[in-house]
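Asker: Before I ask anything, let me first share the structure, which is written out below as C-alpha cells.
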Amino acid sequence: MSEDTGSEVNGDAGRNEDPADDTIAVGDDTAAVGDDADADASDDYGVALRAVVKRYTSGGGEPVVALDDVDFAVRPGEFVAVVGPSGSGKSTLLNVLGLLDDPTAGRRLLDGTDVTNLSVAERTRARKESIGFVFQDFHLLPTLTAVENVAMPTAFDPGDAGDRAADLLARFGLGDRLDHEPSELSGGQKQRVAIARALINEPSVLLADEPTGNLDTETGESILAEFERVKAEGVAVVAVTHDPLVEEYADRVVDLTDGVMTGGLPTDGLPESEEGDDR
Amino acid sequence: MSDGGGRTAGGLAGWLRGWRPAVSMASRNLRRNRVRTVLAVLGVCIGVLAVAALGIFGNVLALGADDAIGDIGTQVVVSPNNDAGVESLSDADIASIRRAVDGPAVVPLYSDSATVARQGDQTFATVYGVEEPALAYEAAEGRLPERHRQGAILGAGIAEDLDAGAGDTVEIAGSQVRVIAVLVESQTFSPVAPDDAVFLPESAFSADGYAQALVVSDSGAEARAAADAIRDEVNAREERVDLFELAALVDEINEFFDLLSTFLLGLGAISLVVAGVSILNVMLMSTVERRQEIGVMRAVGVARRDVLRVLLAEAGLIGAAGAAAGTLLTVLLVAGLVVATPAVDAALVIDPTNGYYLLLALVFGVGVGLVSGAYPAWKAANERPVEALRS
C-alpha cells in the first residue's frame, strides 16, 4: 500500500454499529461489490448515503448542521439533480458523496461497499477508481494540453492512458483539440475536457458541481446532452445546480434546504432498510 | 526470497516511473512564471558559485603555500650546543645521530666563509664541506657526485650573482676551482641556506669537527620522528646538540589554511542558505497560488505522494539548474583568473582536489533545492482537497 495511511478518524462511535460493514476497504477487491455480507438493497445503487449527518464546528459557536439526517441514493444510469438555495448544504453533499469529506454520522456506500471509514490513501484511491468530478470552473491544469488533462488522474500510474484520453476527447467532438492548452479552448470545450477527465477511469459515479454555471444556454444544453450519454453507459450522475435547464434533463430532482433532503431515494423499490432503528 | 527481491525491484521501477510525469509536470509549472524561476535559479547559482569559488580559492591558497613552503618540514638541522660547550660535532656524534634516526640520510657539513669571485664579480659566501651532496640536494646544472672529491658546487643564488655555470671556474679564497654543478633553487627555509653557499669537498677543510648535520627525510612526519629520536638518544645524557626543525611550524601553517578554507566555505554556505530561503519562498508562493490546482489533482485521485513528487521535482529542478549554472560559472571564473593572473600557478588550479569543491557545491545546490522545497511540498500535498477547492 502507499505510505500515506494517516487516517482521519471521525470521533463518532455511533456510526460503527454494524460491524459487518466497517472493515471493507474499497478498491482492494472490486469482487466484493455485490458480495456484501450486509445484504441491504443498497447493492443496486451507484452511491448512497444512509442517515448522514455533517456538522461543522466553527470557532466556538453553535455547530452548523450542513447535512441533517440525509438519505440519498442514485442508481447506475440515473441522472439526479440536487437543487436548493445557496448555503443549503449542496456542496457539502457533493464533498461527502465524492469522498472529499467524511460524514459526522451515518453511512456512505459506493458500489454497495461501505466507504464511511477510509484512510486518506484509501479515499484517494477510491476517488480515482470510482468517482468522476466535474466542477463549475472546469479546473483544468493550465500547463497541460487537453489530452494530458484528461489523462491526469492516471498520470502517475503504470501504462499510458493517452490513447483512451484521446478517444474520450474524440467522442466529445474535441478530436482536433487534443494538444490545445485550456487557454486555447472555449468554456464549453473546457467543460467537455473536464467531463472526459472525469470519465478516464470509467467511474461508477459522476459528480457535477454547477456544471452549466459558467456556460451560455446553448453550450449548457450540449453539456447536459453529454451527461445523458454518460448516464446511458450506466454511470450514476449527480449534479448540484441552480440551473432550471439541468432539472429538465434530470431523471429525478432532489431538494436540499437547510441540510434537510426531500426525495433523496428513488420512488420505486424503496429499500426496506434499518433506517427506522437509526432514527 | 526471489519473490521479495522481485517485489523490491518492481517497487523501485514503479518509484522511478512515478518521477517521470512528476518531472515533466514540474518543468512546465516552472516555465509558467519564468522570471520567478530564473530568479530562484540565479539565487542558487550565486550560492553555488560562492561555495565552489571560495572553496577553490582557499584550496589554491593552501596548495600554493604548501608548494612555497616546500620541504622545509622534511629537514632537521643538527648543530652543536654551544651553551653546553660543544663547539663542533665529532664523528662519534654523527655516528650516534645516524643510529638514532634510522632511515633518513644524515649529511654532515663543515662550514666556513670565504670570498667567491669570478671575472670581477665577487661576493662573500658560506662555504660548506660536504661528502655526499646528492643526499640533500639536487642539481639544476651539471651532476652531483656520489662522493664529492673535487670541484665546487654553487647554490642557485650565488651562481646567478657570478653568472657562473657548470664548467666555469670561480675563485674561492684565492684558489681557482672548477664548478661541477649548480643547485636547484632552494624551497627550503633553513639555517643551512644553500642558495648563497658554495659546497666543496670535505678535504678542503681542516677543521676537527662538523659544524652541522642535515637530517633529510621524505616527509614531515618522518622528520619529526627523527628529531624526537635525536633528542632522546643523542641528548640523552648531555645536551650535546641543538635541533632546528620546522615540521611543527608546517603543521601550524597547514592548520591555518584548513581554518581559512573552512571559513571561506562557510562564507559561501551563507549565500547558499540565502538561496535556499529564496527557493522556499518561491515554492511557498507557487503552492499557495496553485492551491486549487493541487486540490483538483487530489480530488480526481492523484495520491499525496505524487503531488509531493511534482513539487519536490520543481524545487529540485531549480536547485539542479542553479547548481549546474553555478558550477559552470565557477569553472569559467577560475579559468579567467588563471589566465588574467600569471602569479597563479595553473597546475595548482587544475589540481584534482579542486574538483571536490565543485562537486561539493553541485551536491549542496541540489540538496538546498530539495530541502527548501520539502516543507512547501509537504504542506501542499497534505492539504485537504475540500479546503483547497473551496477557495
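Every chain in the C-alpha cells takes a letter, A first, then B, and so on in the order presented; its residues are numbered from 1, and the ligands are numbered from 1 following the presented order.
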What are the residues of chain B lining chain A at 12 Å or less? Count only C-alpha atoms, and put the answer as a ChimeraX atom specification.

Answerer: /B:10-11,13-33,290-310,378,381-391

Asker: Hey, what does DSSP flag as helix (DSSP H, G or I) within range 51-184 of chain A? Can you give it to me as a PyMOL selection string?

Answerer: chain A and resi 90-97+120-130+146-154+162-171+182-184

Asker: Using DSSP assignments from the backbone, pull out every residue in range 226-379 of chain B that falls under strand (DSSP E) and give it to me as a PyMOL selection string.

Answerer: chain B and resi 241-245

Asker: Skipping near chain neighbours, those fewer than 6 positions away, what residues fall within 7 Å of Arg50 in chain A using only C-alpha atoms, listed as a count of residues only?

Answerer: 6
